[in-house]
Amino acid sequence: MAACSGIGQALNAGRQGLFFALWPDAGPRAAMSAVAGRMHGVLQGRRTRDDSIHLTLAFVGAVTADALTSLLAPPAGLFTAPFELTLDRWGCWPRNDVGWLASSQPPQALRDLAANLDSWLRRSGFEMESRVFCPHVTLIRKASCAPLPDGIAPISWPVNELALIHSRPAAGGSRYGVLRAWPLTGCA
């Protein structure tokens, strides 16, 4: 993916956030959207817009122009090889009213990519959260958590790239856009 034309808008400090994420192609996105529809029928709340479905790896927040320049030039050693992510679990966290989709066996490459990002960002001076990485896709916010029907059909997501995303507040929830994406080309 090419750089988004709205890089200047991403610098609107205090009104946006930047984060690194996995951004699915149309096939996996459609499958996740179908699961979101089923989930919403039980949990209600606010669905993540289909064009905003993603898996966050590292949240950075608002940044200066110099910091953005750094974020747009990650080191080559950061990237893992492409990998397959199978999303086969769903649930709801009552502590934050989030309906989620996740993998029962997250691949090591996913954990490595998140750890590489965290390490690089910390070394570069960014303040990162200190919580354990819990890979998931948020499908519902403000959910009324309730038991979901057992099981979902597994969703196969071929992960081939890492994206830097910007978030802007908007009516009905934040709007996300890809600033830049890089192919995963590291060694297996």
# chains A, B, ... in the order shown; residues from 1 in each chain; ligands from 1

call {"tool": "residues_around", "arguments": {"residues": "Gly17 (chain A)", "least_positions_apart": "3", "cutoff": "6 Å", "atoms": "only C-alpha atoms", "output": "JSON, numbers by chain"}}
result
{"A": [61, 62, 166, 167]}

call {"tool": "select_by_dssp", "arguments": {"residues": "region 26-185 of chain A", "states": "strand (DSSP E or B)", "output": "tab-separated table (two decimals) with N, CA and C atoms, in the first residue's frame"}}
result
chain	number	residue	atom	x	y	z
A	46	ARG	N	-21.72	-1.14	19.85
A	46	ARG	CA	-21.34	-0.47	18.61
A	46	ARG	C	-20.33	-1.32	17.85
A	47	ARG	N	-20.71	-1.74	16.66
A	47	ARG	CA	-19.82	-2.54	15.81
A	47	ARG	C	-18.67	-1.71	15.28
A	55	LEU	N	-5.97	-5.55	13.74
A	55	LEU	CA	-5.39	-6.10	14.96
A	55	LEU	C	-4.22	-5.18	15.35
A	56	THR	N	-4.39	-4.46	16.47
A	56	THR	CA	-3.36	-3.52	16.93
A	56	THR	C	-2.16	-4.27	17.49
A	57	LEU	N	-0.97	-3.85	17.08
A	57	LEU	CA	0.27	-4.42	17.59
A	57	LEU	C	0.94	-3.47	18.59
A	58	ALA	N	0.90	-2.16	18.31
A	58	ALA	CA	1.55	-1.19	19.20
A	58	ALA	C	0.89	0.17	19.02
A	59	PHE	N	0.39	0.75	20.11
A	59	PHE	CA	-0.21	2.07	20.08
A	59	PHE	C	0.85	3.11	20.40
A	60	VAL	N	0.95	4.14	19.57
A	60	VAL	CA	1.95	5.18	19.74
A	60	VAL	C	1.32	6.48	20.24
A	61	GLY	N	0.16	6.87	19.72
A	61	GLY	CA	-0.49	8.11	20.11
A	61	GLY	C	-0.14	9.25	19.19
A	83	PHE	N	3.03	-14.73	7.77
A	83	PHE	CA	2.50	-15.86	8.54
A	83	PHE	C	1.00	-15.96	8.38
A	84	GLU	N	0.48	-17.10	8.78
A	84	GLU	CA	-0.96	-17.37	8.75
A	84	GLU	C	-1.50	-17.20	10.15
A	85	LEU	N	-2.55	-16.39	10.29
A	85	LEU	CA	-3.23	-16.19	11.57
A	85	LEU	C	-4.61	-16.80	11.45
A	86	THR	N	-4.93	-17.73	12.33
A	86	THR	CA	-6.25	-18.35	12.34
A	86	THR	C	-7.03	-17.79	13.53
A	87	LEU	N	-8.12	-17.11	13.22
A	87	LEU	CA	-9.00	-16.55	14.25
A	87	LEU	C	-10.12	-17.56	14.48
A	89	ARG	N	-11.59	-18.00	18.00
A	89	ARG	CA	-12.22	-17.80	19.31
A	89	ARG	C	-12.90	-16.44	19.31
A	90	TRP	N	-13.99	-16.36	20.06
A	90	TRP	CA	-14.65	-15.08	20.26
A	90	TRP	C	-15.14	-14.98	21.67
A	91	GLY	N	-15.35	-13.76	22.12
A	91	GLY	CA	-15.81	-13.57	23.48
A	91	GLY	C	-16.04	-12.10	23.76
A	92	CYS	N	-16.29	-11.80	25.05
A	92	CYS	CA	-16.54	-10.44	25.47
A	92	CYS	C	-15.86	-10.21	26.81
A	93	TRP	N	-15.15	-9.09	26.92
A	93	TRP	CA	-14.50	-8.72	28.17
A	93	TRP	C	-15.38	-7.74	28.92
A	98	VAL	N	-15.89	-5.04	25.59
A	98	VAL	CA	-15.40	-5.25	24.23
A	98	VAL	C	-15.69	-6.68	23.78
A	99	GLY	N	-16.32	-6.81	22.62
A	99	GLY	CA	-16.49	-8.09	21.95
A	99	GLY	C	-15.30	-8.30	21.03
A	100	TRP	N	-14.66	-9.45	21.13
A	100	TRP	CA	-13.40	-9.67	20.43
A	100	TRP	C	-13.37	-10.99	19.68
A	101	LEU	N	-12.40	-11.07	18.77
A	101	LEU	CA	-12.10	-12.25	17.97
A	101	LEU	C	-10.61	-12.49	18.11
A	102	ALA	N	-10.19	-13.75	18.33
A	102	ALA	CA	-8.78	-14.03	18.55
A	102	ALA	C	-8.42	-15.43	18.07
A	137	VAL	N	-8.89	-8.93	17.75
A	137	VAL	CA	-9.55	-7.98	16.86
A	137	VAL	C	-10.81	-7.52	17.60
A	138	THR	N	-10.92	-6.22	17.85
A	138	THR	CA	-12.11	-5.69	18.50
A	138	THR	C	-13.21	-5.56	17.46
A	139	LEU	N	-14.34	-6.24	17.72
A	139	LEU	CA	-15.47	-6.18	16.79
A	139	LEU	C	-16.63	-5.36	17.33
A	140	ILE	N	-16.77	-5.31	18.67
A	140	ILE	CA	-17.89	-4.58	19.31
A	140	ILE	C	-17.34	-3.77	20.47
A	141	ARG	N	-17.76	-2.53	20.58
A	141	ARG	CA	-17.47	-1.69	21.74
A	141	ARG	C	-18.79	-1.41	22.45
A	155	ILE	N	-11.35	-18.41	10.81
A	155	ILE	CA	-11.04	-17.46	9.74
A	155	ILE	C	-9.54	-17.50	9.50
A	156	SER	N	-9.17	-17.80	8.28
A	156	SER	CA	-7.75	-17.86	7.90
A	156	SER	C	-7.34	-16.49	7.37
A	157	TRP	N	-6.31	-15.90	7.99
A	157	TRP	CA	-5.85	-14.57	7.62
A	157	TRP	C	-4.37	-14.65	7.25
A	158	PRO	N	-4.05	-14.63	5.96
A	158	PRO	CA	-2.64	-14.59	5.55
A	158	PRO	C	-2.09	-13.18	5.83
A	159	VAL	N	-1.17	-13.08	6.76
A	159	VAL	CA	-0.62	-11.79	7.16
A	159	VAL	C	0.67	-11.56	6.38
A	161	GLU	N	1.74	-8.05	5.64
A	161	GLU	CA	2.27	-6.71	5.80
A	161	GLU	C	1.92	-6.12	7.16
A	162	LEU	N	2.69	-5.10	7.52
A	162	LEU	CA	2.52	-4.32	8.74
A	162	LEU	C	2.12	-2.92	8.30
A	163	ALA	N	1.17	-2.30	9.01
A	163	ALA	CA	0.70	-0.97	8.62
A	163	ALA	C	0.82	0.01	9.78
A	164	LEU	N	1.11	1.26	9.44
A	164	LEU	CA	1.04	2.37	10.39
A	164	LEU	C	-0.30	3.05	10.12
A	165	ILE	N	-1.13	3.12	11.13
A	165	ILE	CA	-2.50	3.61	11.01
A	165	ILE	C	-2.65	4.92	11.77
A	166	HIS	N	-3.45	5.81	11.23
A	166	HIS	CA	-3.82	7.00	12.00
A	166	HIS	C	-5.31	6.95	12.29
A	167	SER	N	-5.66	7.46	13.46
A	167	SER	CA	-7.03	7.46	13.94
A	167	SER	C	-7.47	8.90	14.18
A	168	ARG	N	-8.66	9.24	13.68
A	168	ARG	CA	-9.22	10.57	13.90
A	168	ARG	C	-10.62	10.41	14.48
A	175	ARG	N	-12.23	7.22	12.88
A	175	ARG	CA	-11.96	6.83	11.49
A	175	ARG	C	-10.49	6.48	11.39
A	176	TYR	N	-10.19	5.36	10.74
A	176	TYR	CA	-8.82	4.91	10.59
A	176	TYR	C	-8.38	5.00	9.14
A	177	GLY	N	-7.11	5.28	8.95
A	177	GLY	CA	-6.54	5.30	7.61
A	177	GLY	C	-5.11	4.78	7.66
A	178	VAL	N	-4.71	4.11	6.61
A	178	VAL	CA	-3.34	3.58	6.51
A	178	VAL	C	-2.43	4.70	6.03
A	179	LEU	N	-1.42	5.04	6.85
A	179	LEU	CA	-0.41	6.02	6.43
A	179	LEU	C	0.61	5.36	5.52
A	180	ARG	N	1.06	4.19	5.92
A	180	ARG	CA	2.03	3.44	5.13
A	180	ARG	C	1.97	1.98	5.55
A	181	ALA	N	2.30	1.10	4.64
A	181	ALA	CA	2.37	-0.33	4.94
A	181	ALA	C	3.66	-0.89	4.36
A	182	TRP	N	4.19	-1.89	5.06
A	182	TRP	CA	5.44	-2.53	4.66
A	182	TRP	C	5.22	-4.03	4.53
A	183	PRO	N	5.75	-4.65	3.50
A	183	PRO	CA	5.62	-6.11	3.39
A	183	PRO	C	6.45	-6.80	4.46

call {"tool": "atom_distance", "arguments": {"atom1": "CA of Asp88 (chain A)", "atom2": "CA of Ala31 (chain A)"}}
result
11.5 Å

call {"tool": "residues_around", "arguments": {"residues": "Ala146 (chain A)", "least_positions_apart": "2", "cutoff": "9 Å", "atoms": "only C-alpha atoms", "output": "list in words"}}
result
Val42, Leu43, Gly91, Cys92, Pro94, Ala143, Ser144 and Leu148 of chain A

call {"tool": "residues_around", "arguments": {"residues": "region 126-131 of chain A", "least_positions_apart": "5", "cutoff": "12 Å", "atoms": "only C-alpha atoms", "output": "list in words"}}
result
Leu18, Phe19, Leu57, Ala58, Phe59, Val60, Gly61, Ala62, Val63, Thr64, Ala67, Leu68, Ser70, Leu71, Ala114, Ala115, Leu117, Asp118, Ser119, Trp120 and Leu121 of chain A

call {"tool": "decode", "arguments": {"residues": "region 82-160 of chain A", "atoms": "C-alpha atoms", "output": "compact mmCIF listing (two decimals), in the first residue's frame"}}
result
# COMPACT_ATOMS: atom_id res chain seq x y z
CA PRO A 82 4.69 -13.54 6.48
CA PHE A 83 2.50 -15.86 8.54
CA GLU A 84 -0.96 -17.37 8.75
CA LEU A 85 -3.23 -16.19 11.57
CA THR A 86 -6.25 -18.35 12.34
CA LEU A 87 -9.00 -16.55 14.25
CA ASP A 88 -11.08 -19.23 15.94
CA ARG A 89 -12.22 -17.80 19.31
CA TRP A 90 -14.65 -15.08 20.26
CA GLY A 91 -15.81 -13.57 23.48
CA CYS A 92 -16.54 -10.44 25.47
CA TRP A 93 -14.50 -8.72 28.17
CA PRO A 94 -16.83 -7.24 30.79
CA ARG A 95 -14.05 -5.05 32.25
CA ASN A 96 -14.09 -2.88 29.11
CA ASP A 97 -17.27 -4.06 27.33
CA VAL A 98 -15.40 -5.25 24.23
CA GLY A 99 -16.49 -8.09 21.95
CA TRP A 100 -13.40 -9.67 20.43
CA LEU A 101 -12.10 -12.25 17.97
CA ALA A 102 -8.78 -14.03 18.55
CA SER A 103 -6.62 -17.06 17.86
CA SER A 104 -6.48 -20.03 20.21
CA GLN A 105 -2.85 -20.50 19.10
CA PRO A 106 -1.29 -17.18 18.07
CA PRO A 107 1.71 -17.86 15.81
CA GLN A 108 5.15 -17.10 17.18
CA ALA A 109 5.75 -14.73 14.25
CA LEU A 110 2.87 -12.55 15.50
CA ARG A 111 4.33 -12.41 19.00
CA ASP A 112 7.81 -11.73 17.58
CA LEU A 113 6.53 -8.89 15.38
CA ALA A 114 4.76 -7.24 18.34
CA ALA A 115 7.86 -7.67 20.55
CA ASN A 116 10.15 -6.28 17.83
CA LEU A 117 7.90 -3.23 17.45
CA ASP A 118 7.73 -2.63 21.20
CA SER A 119 11.50 -2.90 21.56
CA TRP A 120 12.23 -0.57 18.63
CA LEU A 121 9.67 2.02 19.79
CA ARG A 122 11.04 2.03 23.35
CA ARG A 123 14.64 2.39 22.08
CA SER A 124 13.43 5.27 19.90
CA GLY A 125 12.04 7.10 22.94
CA PHE A 126 8.33 6.39 22.62
CA GLU A 127 6.42 5.70 25.84
CA MET A 128 4.75 2.32 25.47
CA GLU A 129 2.11 0.64 27.60
CA SER A 130 3.46 -1.96 30.00
CA ARG A 131 0.69 -4.52 29.63
CA VAL A 132 1.03 -8.00 28.18
CA PHE A 133 0.35 -8.26 24.44
CA CYS A 134 -3.05 -9.91 23.99
CA PRO A 135 -3.62 -10.26 20.23
CA HIS A 136 -7.27 -9.74 19.32
CA VAL A 137 -9.55 -7.98 16.86
CA THR A 138 -12.11 -5.69 18.50
CA LEU A 139 -15.47 -6.18 16.79
CA ILE A 140 -17.89 -4.58 19.31
CA ARG A 141 -17.47 -1.69 21.74
CA LYS A 142 -19.89 -0.83 24.56
CA ALA A 143 -21.08 -4.44 24.44
CA SER A 144 -23.58 -5.88 26.89
CA CYS A 145 -21.45 -8.92 27.61
CA ALA A 146 -23.41 -12.16 27.54
CA PRO A 147 -22.55 -15.76 26.66
CA LEU A 148 -21.97 -16.23 22.93
CA PRO A 149 -22.99 -19.41 21.10
CA ASP A 150 -20.28 -22.06 21.13
CA GLY A 151 -17.79 -21.93 18.33
CA ILE A 152 -17.23 -20.00 15.15
CA ALA A 153 -15.92 -21.12 11.80
CA PRO A 154 -12.15 -20.44 11.79
CA ILE A 155 -11.04 -17.46 9.74
CA SER A 156 -7.75 -17.86 7.90
CA TRP A 157 -5.85 -14.57 7.62
CA PRO A 158 -2.64 -14.59 5.55
CA VAL A 159 -0.62 -11.79 7.16
CA ASN A 160 1.76 -10.27 4.63
